[in-house]
Every structure is written in C-alpha cells, then in structure tokens.
$ cat query_38.cif   # mmCIF, C-alpha atoms
data_input
loop_
_atom_site.label_atom_id
_atom_site.label_comp_id
_atom_site.auth_asym_id
_atom_site.auth_seq_id
_atom_site.Cartn_x
_atom_site.Cartn_y
_atom_site.Cartn_z
CA MET A 1 6.05 8.43 -15.11
CA ARG A 2 6.81 10.87 -12.28
CA VAL A 3 4.24 10.42 -9.52
CA LEU A 4 3.68 12.62 -6.47
CA VAL A 5 2.24 10.76 -3.46
CA THR A 6 0.70 13.06 -0.89
CA GLY A 7 0.30 11.60 2.57
CA ALA A 8 3.32 9.40 1.83
CA THR A 9 4.04 8.68 5.49
CA GLY A 10 0.47 7.53 6.13
CA TYR A 11 -0.85 3.98 6.19
CA VAL A 12 -1.70 3.61 2.50
CA GLY A 13 0.94 5.97 1.11
CA SER A 14 3.85 4.19 2.76
CA ARG A 15 2.71 0.93 1.18
CA LEU A 16 1.86 2.36 -2.22
CA ILE A 17 5.29 3.89 -2.82
CA PRO A 18 7.17 0.54 -2.96
CA GLU A 19 4.58 -0.69 -5.47
CA LEU A 20 5.07 2.36 -7.68
CA LEU A 21 8.85 2.01 -7.47
CA SER A 22 8.65 -1.66 -8.42
CA ARG A 23 6.71 -0.64 -11.53
CA GLY A 24 9.53 1.69 -12.60
CA HIS A 25 7.96 5.05 -11.73
CA ASP A 26 9.88 8.03 -10.37
CA VAL A 27 8.26 8.98 -7.07
CA ALA A 28 8.11 12.22 -5.14
CA ALA A 29 6.72 11.91 -1.61
CA THR A 30 5.30 14.57 0.69
CA PHE A 31 5.63 14.87 4.44
CA HIS A 32 4.62 17.56 6.89
CA ARG A 33 5.65 16.74 10.44
CA ASP A 34 9.13 16.26 11.86
CA PRO A 35 10.77 13.94 12.52
CA ARG A 36 10.00 12.24 9.24
CA PRO A 37 10.06 8.42 9.55
CA ALA A 38 12.85 6.59 7.74
CA TYR A 39 11.87 3.90 5.23
CA PRO A 40 13.82 1.21 3.37
CA TRP A 41 13.01 3.09 0.15
CA ASP A 42 14.01 6.49 1.58
CA ARG A 43 16.75 7.16 -0.97
CA ASP A 44 14.62 6.04 -3.91
CA VAL A 45 12.15 8.94 -3.67
CA ALA A 46 12.36 12.74 -3.73
CA TRP A 47 10.99 14.07 -0.44
CA ARG A 48 9.02 17.32 -0.45
CA ARG A 49 7.87 19.07 2.71
CA VAL A 50 4.27 20.20 2.20
CA ASN A 51 1.60 21.85 4.29
CA VAL A 52 -1.53 21.05 2.30
CA LEU A 53 -3.21 24.18 3.68
CA ASP A 54 -0.49 26.36 2.13
CA LEU A 55 -1.23 26.84 -1.56
CA ARG A 56 2.35 27.85 -2.36
CA ASP A 57 3.66 24.63 -0.80
CA VAL A 58 1.23 22.51 -2.80
CA VAL A 59 1.97 24.29 -6.09
CA THR A 60 5.70 23.81 -5.56
CA ALA A 61 5.27 20.10 -4.76
CA ALA A 62 3.15 19.48 -7.86
CA GLY A 63 5.71 21.01 -10.20
CA GLY A 64 7.22 18.63 -12.74
CA VAL A 65 5.03 15.59 -12.01
CA ASP A 66 2.78 13.65 -14.36
CA ALA A 67 0.36 12.28 -11.77
CA VAL A 68 -0.69 12.86 -8.17
CA VAL A 69 -2.05 10.27 -5.76
CA TYR A 70 -4.04 12.26 -3.22
CA LEU A 71 -4.18 10.51 0.16
CA VAL A 72 -4.97 13.45 2.42
CA HIS A 73 -7.67 12.88 5.05
CA GLY A 74 -8.15 15.03 8.14
CA LEU A 75 -10.41 12.98 10.40
CA GLU A 76 -8.29 13.78 13.43
CA GLU A 77 -9.06 17.50 13.01
CA ALA A 78 -12.00 18.98 14.94
CA ASP A 79 -13.38 20.61 11.77
CA PHE A 80 -12.06 18.01 9.34
CA LYS A 81 -14.61 18.80 6.65
CA ALA A 82 -13.44 22.41 6.28
CA THR A 83 -9.80 21.30 6.45
CA ASP A 84 -10.27 18.66 3.77
CA ARG A 85 -12.13 21.14 1.56
CA GLU A 86 -9.36 23.74 1.78
CA ALA A 87 -6.65 21.16 1.15
CA ALA A 88 -8.49 19.74 -1.88
CA GLU A 89 -9.04 23.20 -3.35
CA ASN A 90 -5.32 23.91 -2.99
CA MET A 91 -4.51 20.67 -4.77
CA ARG A 92 -7.02 21.37 -7.54
CA ASP A 93 -5.42 24.77 -8.17
CA ALA A 94 -1.93 23.29 -8.01
CA LEU A 95 -2.82 20.59 -10.55
CA ASP A 96 -3.96 23.21 -13.02
CA HIS A 97 -1.04 25.56 -12.36
CA ALA A 98 1.51 22.76 -12.83
CA GLY A 99 -0.29 21.12 -15.76
CA VAL A 100 -0.54 17.74 -14.01
CA LYS A 101 -2.32 15.23 -16.25
CA ARG A 102 -3.65 12.70 -13.71
CA VAL A 103 -4.99 12.72 -10.14
CA VAL A 104 -6.10 9.65 -8.18
CA TYR A 105 -7.95 9.98 -4.88
CA LEU A 106 -8.67 7.29 -2.28
CA SER A 107 -12.21 7.92 -1.10
CA GLY A 108 -14.89 5.96 0.73
CA ILE A 109 -17.71 3.86 -0.68
CA ILE A 110 -20.77 6.11 -0.90
CA PRO A 111 -24.06 4.41 0.11
CA ASP A 112 -27.00 4.67 -2.26
CA ILE A 113 -28.89 7.20 -0.13
CA PRO A 114 -29.74 10.91 -0.53
CA ARG A 115 -26.72 13.22 -0.19
CA GLY A 116 -28.25 14.89 2.85
CA ASP A 117 -28.38 11.57 4.71
CA LEU A 118 -24.65 10.83 4.35
CA SER A 119 -22.47 10.94 7.44
CA GLU A 120 -20.24 14.00 7.69
CA HIS A 121 -17.24 11.73 7.03
CA LEU A 122 -18.61 10.38 3.73
CA ASP A 123 -20.06 13.71 2.66
CA SER A 124 -16.58 15.18 3.06
CA ARG A 125 -15.06 12.38 0.97
CA LEU A 126 -17.59 13.05 -1.78
CA GLU A 127 -16.93 16.77 -1.64
CA VAL A 128 -13.19 16.20 -2.11
CA GLU A 129 -13.94 13.96 -5.10
CA GLU A 130 -15.96 16.75 -6.68
CA ILE A 131 -13.30 19.39 -6.03
CA LEU A 132 -10.50 17.32 -7.59
CA ALA A 133 -12.72 16.40 -10.55
CA GLY A 134 -13.05 20.15 -11.16
CA SER A 135 -9.39 20.37 -12.20
CA HIS A 136 -8.17 19.98 -15.78
CA ALA A 137 -6.43 16.73 -14.82
CA SER A 138 -7.90 13.33 -15.59
CA ALA A 139 -9.46 12.43 -12.21
CA LEU A 140 -10.39 9.06 -10.72
CA SER A 141 -11.62 8.33 -7.20
CA LEU A 142 -11.20 4.83 -5.81
CA ARG A 143 -13.82 4.19 -3.14
CA ALA A 144 -13.09 1.70 -0.36
CA ALA A 145 -14.86 0.64 2.81
CA ILE A 146 -12.72 -1.03 5.50
CA ILE A 147 -9.12 -1.63 4.40
CA ILE A 148 -7.76 -4.73 6.15
CA GLY A 149 -4.10 -4.62 7.12
CA SER A 150 -1.93 -4.02 10.15
CA GLY A 151 -2.02 -0.30 10.88
CA SER A 152 -5.17 0.54 8.91
CA THR A 153 -7.31 2.72 11.17
CA SER A 154 -10.58 0.98 10.31
CA PHE A 155 -9.03 -2.48 10.75
CA GLU A 156 -7.38 -1.46 14.01
CA ILE A 157 -10.78 -0.46 15.38
CA VAL A 158 -12.13 -3.92 14.54
CA ARG A 159 -9.04 -5.62 15.97
CA GLN A 160 -8.90 -3.66 19.20
CA ILE A 161 -12.62 -3.85 19.89
CA SER A 162 -12.46 -7.62 19.36
CA GLU A 163 -9.46 -8.04 21.63
CA ASN A 164 -10.32 -5.48 24.32
CA LEU A 165 -13.95 -6.37 24.93
CA PRO A 166 -14.38 -9.25 27.38
CA LEU A 167 -16.19 -12.51 26.69
CA VAL A 168 -19.52 -10.79 25.97
CA GLN A 169 -19.56 -8.23 23.17
CA THR A 170 -22.50 -5.82 23.21
CA ILE A 171 -23.56 -5.11 19.62
CA PRO A 172 -26.07 -2.42 18.56
CA SER A 173 -29.04 -4.19 16.95
CA TRP A 174 -28.90 -2.01 13.84
CA MET A 175 -25.40 -3.27 13.02
CA ARG A 176 -26.88 -6.67 12.20
CA HIS A 177 -28.66 -5.12 9.22
CA THR A 178 -25.86 -3.14 7.57
CA THR A 179 -23.28 -4.76 5.34
CA VAL A 180 -19.67 -3.91 4.56
CA GLN A 181 -17.37 -5.21 1.82
CA PRO A 182 -13.77 -4.87 3.07
CA VAL A 183 -10.69 -4.83 0.86
CA ALA A 184 -7.20 -6.13 1.67
CA ILE A 185 -4.42 -3.53 1.67
CA ALA A 186 -2.61 -5.57 -1.01
CA ASP A 187 -5.58 -5.14 -3.34
CA ALA A 188 -6.06 -1.47 -2.47
CA VAL A 189 -2.41 -0.76 -3.32
CA TYR A 190 -2.71 -2.71 -6.58
CA TYR A 191 -5.77 -0.74 -7.71
CA LEU A 192 -4.17 2.60 -6.82
CA ALA A 193 -1.11 1.78 -8.92
CA GLN A 194 -3.30 0.60 -11.78
CA ALA A 195 -5.30 3.82 -11.57
CA VAL A 196 -2.15 5.93 -11.93
CA GLU A 197 -1.24 4.09 -15.12
CA GLN A 198 -4.66 4.30 -16.77
CA PRO A 199 -5.50 8.01 -17.16
CA GLU A 200 -8.30 7.21 -19.58
CA VAL A 201 -10.36 5.81 -16.68
CA THR A 202 -12.18 8.64 -14.89
CA GLY A 203 -15.02 9.16 -12.45
CA HIS A 204 -15.17 6.75 -9.53
CA ILE A 205 -14.71 3.02 -8.99
CA ASP A 206 -15.51 0.99 -5.88
CA ILE A 207 -12.72 -1.35 -4.79
CA ALA A 208 -13.51 -4.30 -2.53
CA GLY A 209 -12.77 -7.91 -1.74
CA PRO A 210 -15.19 -10.75 -2.51
CA ASP A 211 -16.88 -10.95 0.92
CA ARG A 212 -19.93 -9.03 2.10
CA LEU A 213 -20.36 -9.15 5.87
CA THR A 214 -22.40 -7.49 8.55
CA TYR A 215 -20.28 -5.73 11.15
CA PRO A 216 -21.02 -8.39 13.81
CA GLU A 217 -19.95 -11.04 11.28
CA LEU A 218 -16.68 -9.17 10.70
CA LEU A 219 -16.03 -8.98 14.46
CA SER A 220 -16.80 -12.70 14.78
CA LEU A 221 -14.49 -13.53 11.89
CA TYR A 222 -11.65 -11.61 13.49
CA ALA A 223 -12.25 -13.35 16.84
CA GLU A 224 -12.27 -16.74 15.10
CA VAL A 225 -9.00 -16.08 13.28
CA ALA A 226 -7.42 -14.73 16.47
CA GLY A 227 -8.62 -17.68 18.54
CA LEU A 228 -10.75 -15.50 20.81
CA ARG A 229 -13.94 -16.74 22.41
CA ARG A 230 -16.56 -14.02 22.13
CA VAL A 231 -20.35 -14.03 22.59
CA GLN A 232 -22.32 -11.23 20.96
CA LEU A 233 -25.25 -9.63 22.79
CA PRO A 234 -27.48 -7.42 20.60
CA ILE A 235 -28.55 -4.17 22.32
CA PRO A 236 -31.49 -2.27 20.79
CA GLY A 237 -31.71 1.51 20.64
CA LEU A 238 -28.03 2.46 20.74
CA PRO A 239 -27.47 5.46 18.39
CA ALA A 240 -24.36 5.61 16.24
CA ASP A 241 -22.89 8.59 18.09
CA VAL A 242 -23.04 6.75 21.40
CA VAL A 243 -21.46 3.68 19.79
CA GLY A 244 -18.67 5.91 18.48
CA ILE A 245 -17.94 7.33 21.92
CA VAL A 246 -17.83 3.86 23.50
CA ALA A 247 -15.65 2.47 20.70
CA GLY A 248 -13.29 5.40 21.13
CA GLN A 249 -12.77 4.44 24.76
CA LEU A 250 -12.07 0.81 23.82
CA THR A 251 -9.33 1.58 21.30
CA ASP A 252 -6.10 3.54 21.09
CA VAL A 253 -7.28 5.24 17.91
CA ASP A 254 -8.00 8.97 18.20
CA THR A 255 -11.53 9.25 19.65
CA GLY A 256 -12.67 11.85 17.12
CA THR A 257 -11.56 9.62 14.27
CA VAL A 258 -13.42 6.64 15.72
CA GLU A 259 -16.60 8.66 16.17
CA SER A 260 -16.41 9.98 12.60
CA LEU A 261 -15.91 6.48 11.16
CA MET A 262 -18.62 4.93 13.33
CA SER A 263 -21.15 7.45 12.04
CA SER A 264 -20.69 5.89 8.59
CA LEU A 265 -21.77 2.41 9.72
CA ARG A 266 -25.49 3.13 9.53
CA ASP A 267 -25.71 2.21 5.83
CA ASP A 268 -24.44 -0.59 3.60
CA MET A 269 -20.96 0.01 2.21
CA VAL A 270 -20.70 -2.51 -0.62
CA ALA A 271 -19.16 -2.19 -4.05
CA GLN A 272 -21.10 -1.40 -7.18
CA GLY A 273 -19.40 -2.88 -10.23
CA GLU A 274 -16.21 -4.91 -10.51
CA ALA A 275 -12.91 -3.04 -10.23
CA ARG A 276 -10.96 -5.91 -11.79
CA THR A 277 -12.70 -5.44 -15.13
CA GLN A 278 -12.42 -1.65 -15.01
CA LEU A 279 -8.81 -1.28 -13.91
CA GLY A 280 -6.92 -4.53 -13.75
CA ASP A 281 -6.73 -8.12 -14.81
CA PRO A 282 -10.26 -9.63 -14.81
CA ASP A 283 -8.75 -12.99 -13.81
CA ARG A 284 -6.75 -11.59 -10.90
CA ALA A 285 -7.88 -13.09 -7.59
CA THR A 286 -8.59 -10.73 -4.70
CA LEU A 287 -8.06 -11.62 -1.06
CA GLY A 288 -11.08 -12.58 1.01
CA ALA A 289 -11.66 -11.10 4.44
CA ARG A 290 -10.33 -14.17 6.26
CA GLN A 291 -7.13 -14.27 4.20
CA ALA A 292 -6.61 -10.55 4.68
CA ILE A 293 -7.04 -10.82 8.47
CA VAL A 294 -4.65 -13.78 8.64
CA ARG A 295 -2.01 -11.81 6.71
CA ALA A 296 -2.49 -8.73 8.88
CA ARG A 297 -2.05 -10.75 12.07
CA GLN A 298 0.95 -12.70 10.82
CA ILE A 299 3.15 -9.64 10.67
CA PHE A 300 2.55 -8.33 14.20
CA GLY A 301 5.85 -7.95 15.99
CA MET A 302 7.97 -7.25 12.91
CA ALA A 303 10.39 -4.33 13.05
CA PRO A 304 9.06 -1.03 11.66
CA ASP A 305 11.47 -1.30 8.73
CA GLY A 306 10.30 -4.82 7.89
CA ALA A 307 8.48 -3.64 4.77
CA ALA A 308 10.60 -3.57 1.63
CA VAL A 309 10.08 -3.05 -2.08
CA GLY A 310 8.21 -6.09 -3.32
CA GLY A 311 7.36 -7.13 0.24
CA ASP A 312 3.98 -7.69 1.84
CA PRO A 313 2.16 -4.32 1.92
CA ALA A 314 0.39 -5.43 5.09
CA ALA A 315 3.69 -5.36 6.99
CA PRO A 316 4.26 -2.59 9.57
CA SER A 317 5.72 0.56 8.13
CA ALA A 318 7.90 3.18 9.78
CA GLY A 319 5.17 5.82 9.80
CA ASP A 320 2.49 3.69 11.44
CA PRO A 321 1.36 4.88 14.87
CA ALA A 322 2.87 2.81 17.68
CA TRP A 323 -0.54 1.62 18.86
CA SER A 324 -1.12 -0.15 15.55
CA ARG A 325 1.69 -2.62 16.26
CA THR A 326 0.79 -3.50 19.84
#
$ encode --input "query_38.cif" --output "structure tokens"
Amino acid sequence: MRVLVTGATGYVGSRLIPELLSRGHDVAATFHRDPRPAYPWDRDVAWRRVNVLDLRDVVTAAGGVDAVVYLVHGLEEADFKATDREAAENMRDALDHAGVKRVVYLSGIIPDIPRGDLSEHLDSRLEVEEILAGSHASALSLRAAIIIGSGSTSFEIVRQISENLPLVQTIPSWMRHTTVQPVAIADAVYYLAQAVEQPEVTGHIDIAGPDRLTYPELLSLYAEVAGLRRVQLPIPGLPADVVGIVAGQLTDVDTGTVESLMSSLRDDMVAQGEARTQLGDPDRATLGARQAIVRARQIFGMAPDGAAVGGDPAAPSAGDPAWSRT
C-alpha cells in the first residue's frame, strides 16, 4: 500500500514511518519548513513539500496514494482552530480529487459532555474529524489523551513541570477529580499502522494504556520513576486558564500550546471501548504508564539519529524540538 504521512517530521509522524516501512508499505512523507531534518529512513520515503493551507499543494501530495495518515495540528498558531479547519478542508477535497481510499486521523479523546462545553482544543479536534469524515474516503479517527514518550508535547509538560517545580508542587484542587488514561507512543504507533491496514473500520476509536490516573497521580508517578522527592499542595480556586499560563512559564513548550492543552484537563479523558479488540490483537499487551515513563526516560541523551527502523519509537527523532531532549 502507498501511504502518505502528513506531519512526517513531527513527534508521532517520525515514529510512525519506520513502523509503516517495516510492514512493507511504500511511504510518502510531507514537510513544510526548511531545513528538513535528516532521518535514518530518509532514502526509504518519497518526500513531498506541502503547505497544508495551499489546496494545490495538498492535491498534488495526495496523488497516487492509497491512504493518508493525517497528523496536522496547529496548536502553536494564534487562531489554531481556523487554521486546522482550513487545512482539514483542503485535505478532504484532495482526498476526493485524488480518489484516496483511506484516511486516518490522530485526534484527542472527547469527554462525555455537551459539545458547547468542550475546550477549544478538543472542539477543534472534533471538527477536523467531522470534516475528514465528509470525504469519500473510508475515515477513522484514533483518539488519544496524553501520549507518553520522549518528545511528546503532553509528556514533556508533565516531565518538565515535575522536574522544574521545587520540593512543593502546588496542584489545583480540581485536578484531583479528573482522570486521564495515557497511552505509550509504542502503542499509539501500533494502532495507527493497524488503522491504515483495516479500511473497513470507520468512525472513531479511543486508544489508551491500561492505567487511569488523576493528573496529580501522574505527576507523582513521574517523580517516583525519576527519583524526585515532591510534596503536592492542593490549591483551591485556580481556574484552568491561570494554570495554563503558570505551566507555560515552567516549561520550554510553546506557551500557547501549553495553555490550549491545559484547558482540556477540566474533564475526564478516558477510553470508551477496547482498541485491541477493534483494531489489533486482543491478546496484545499494552504498556502501563510506569513502563512507558521508564522507557521514555531511558533514551534521554541518545543522538537525534538514534531511532531506526524496528527500533524503540520512544527514542529521540531528528525532528524533535531541542528542548524535548534536555
């Protein structure tokens, strides 16, 4: 199968491509900014320069492929919702123009609350799902909460907050009552590859590891694995937007991205259903949060080209931002 991976130089895309290659697929990969990072699998893919806001670019890139994995997210943009909408509409039109049969999108877990109560971040994810589902291609959205792995934006926020806060960690009281179900990058990559190969599966599927944790429990787990001594002090009355601003100052992640992600922490983000029975091997074990954190920490300090086909997808990749390997 010929598969186009958009966002190929991003965190998930750069780890998905070796998995697709190992399964025997022909892969085309998109990039936008120069200089393009160099990867161990550079010569095994067909690179296509694409501006997702240019319909002609997107139509050209989609030509001659059987499936598209859509990994475009614009959280760093000031008006990311409008940007993501325009990009998704371009991809929808390109899919139909090129006759692409399959599209897979990595989205976020959508809490069971009214649409109007969703954070702008999650509402945008849901809107992109709906736009892509409006194409003639067989469409599947995989919904994930926090993806654990070195270089994952959501994991880096957890890691850097844990490491940068001093002995006492101030925790908003409401965080003790919301639950998240993280997924290891190895499992996320596996499910994405499975989704490409099973065009009969449509709609949306939540992907997650076995552990459900409150956000303070996740911070404590990271501190325990990292050998950090941290005491949590609950603080009542802190709104999510204030928490996002503070978290942005504590991390090297783009402040706007942190604020957008933090606004999604008000509600439970746990999986509905079991992805293993819908997409993969029902007996396949998934990594727990502790195992995923251990793996993510073990590869700190490796060279950017340390990832290879068949290697650990948690390893640093050439396109990761420098702050994710500090």
$ residues_around --input "query_38.cif" --residues "A:Pro35" --least-positions-apart "4" --cutoff "12 Å" --atoms "all atoms listed in the file" --output "MDAnalysis selection string"
chainID A and resid 9 31 49 318:319
$ residues_near_point --input "query_38.cif" --point "(-24.1, -8.7, 19.3)" --cutoff "12 Å" --atoms "only C-alpha atoms" --output "tab-separated table (two decimals) with C-alpha atoms, keeping the file's coordinate frame"
chain	number	residue	atom	x	y	z
A	162	SER	CA	-12.46	-7.62	19.36
A	165	LEU	CA	-13.95	-6.37	24.93
A	167	LEU	CA	-16.19	-12.51	26.69
A	168	VAL	CA	-19.52	-10.79	25.97
A	169	GLN	CA	-19.56	-8.23	23.17
A	170	THR	CA	-22.50	-5.82	23.21
A	171	ILE	CA	-23.56	-5.11	19.62
A	172	PRO	CA	-26.07	-2.42	18.56
A	173	SER	CA	-29.04	-4.19	16.95
A	174	TRP	CA	-28.90	-2.01	13.84
A	175	MET	CA	-25.40	-3.27	13.02
A	176	ARG	CA	-26.88	-6.67	12.20
A	177	HIS	CA	-28.66	-5.12	9.22
A	214	THR	CA	-22.40	-7.49	8.55
A	215	TYR	CA	-20.28	-5.73	11.15
A	216	PRO	CA	-21.02	-8.39	13.81
A	217	GLU	CA	-19.95	-11.04	11.28
A	218	LEU	CA	-16.68	-9.17	10.70
A	219	LEU	CA	-16.03	-8.98	14.46
A	220	SER	CA	-16.80	-12.70	14.78
A	230	ARG	CA	-16.56	-14.02	22.13
A	231	VAL	CA	-20.35	-14.03	22.59
A	232	GLN	CA	-22.32	-11.23	20.96
A	233	LEU	CA	-25.25	-9.63	22.79
A	234	PRO	CA	-27.48	-7.42	20.60
A	235	ILE	CA	-28.55	-4.17	22.32
A	236	PRO	CA	-31.49	-2.27	20.79
A	238	LEU	CA	-28.03	2.46	20.74
$ residues_around --input "query_38.cif" --residues "A:Thr202" --least-positions-apart "5" --cutoff "8 Å" --atoms "all atoms listed in the file" --output "list in words"
Ser138, Ala139, Leu140 and Ser141 of chain A
$ closest_residue --input "query_38.cif" --among "A:Tyr191, A:Tyr222, A:Tyr105, A:Phe80" --to "A:Gly256" --atoms "only C-alpha atoms"
A:Phe80
$ residues_around --input "query_38.cif" --residues "stretch 198-201 of chain A" --least-positions-apart "2" --cutoff "9 Å" --atoms "all atoms listed in the file" --output "VMD selection string"
chain A and resid 101 to 103 138 to 140 193 to 196 203 to 204 278 to 279
$ atom_distance --input "query_38.cif" --atom1 "atom CA of A:Ala315" --atom2 "atom CA of A:Leu265"
26.8 Å
$ resolve_selection --input "query_38.cif" --expression "the PyMOL selection byres ((chain A and resi 16-19) around 12)" --output "count of residues only"
59
$ closest_residue --input "query_38.cif" --among "A:Arg266, A:Arg115, A:Arg229, A:Arg212" --to "A:Asn164" --atoms "all atoms listed in the file"
A:Arg229
$ residues_around --input "query_38.cif" --residues "A:Val225" --least-positions-apart "3" --cutoff "8 Å" --atoms "all atoms listed in the file" --output "list of chain:residue names"
A:Leu221, A:Tyr222, A:Leu228, A:Arg290, A:Ile293, A:Val294
$ write_last_selection --input "query_38.cif" --atoms "C-alpha atoms" --output "short mmCIF file (atom, residue, chain, number, x, y, z; two decimals), in the frame of the given file"
data_model
loop_
_atom_site.label_atom_id
_atom_site.label_comp_id
_atom_site.auth_asym_id
_atom_site.auth_seq_id
_atom_site.Cartn_x
_atom_site.Cartn_y
_atom_site.Cartn_z
CA LEU A 221 -14.49 -13.53 11.89
CA TYR A 222 -11.65 -11.61 13.49
CA LEU A 228 -10.75 -15.50 20.81
CA ARG A 290 -10.33 -14.17 6.26
CA ILE A 293 -7.04 -10.82 8.47
CA VAL A 294 -4.65 -13.78 8.64
#
$ closest_residue --input "query_38.cif" --among "A:Glu156, A:Asp123, A:Asp96, A:Asp281" --to "A:Ala67" --atoms "all atoms listed in the file"
A:Asp96
$ resolve_selection --input "query_38.cif" --expression "the PyMOL selection byres ((chain A and resi 135) around 12)" --output "VMD selection string"
chain A and resid 88 to 104 128 to 134 136 to 140
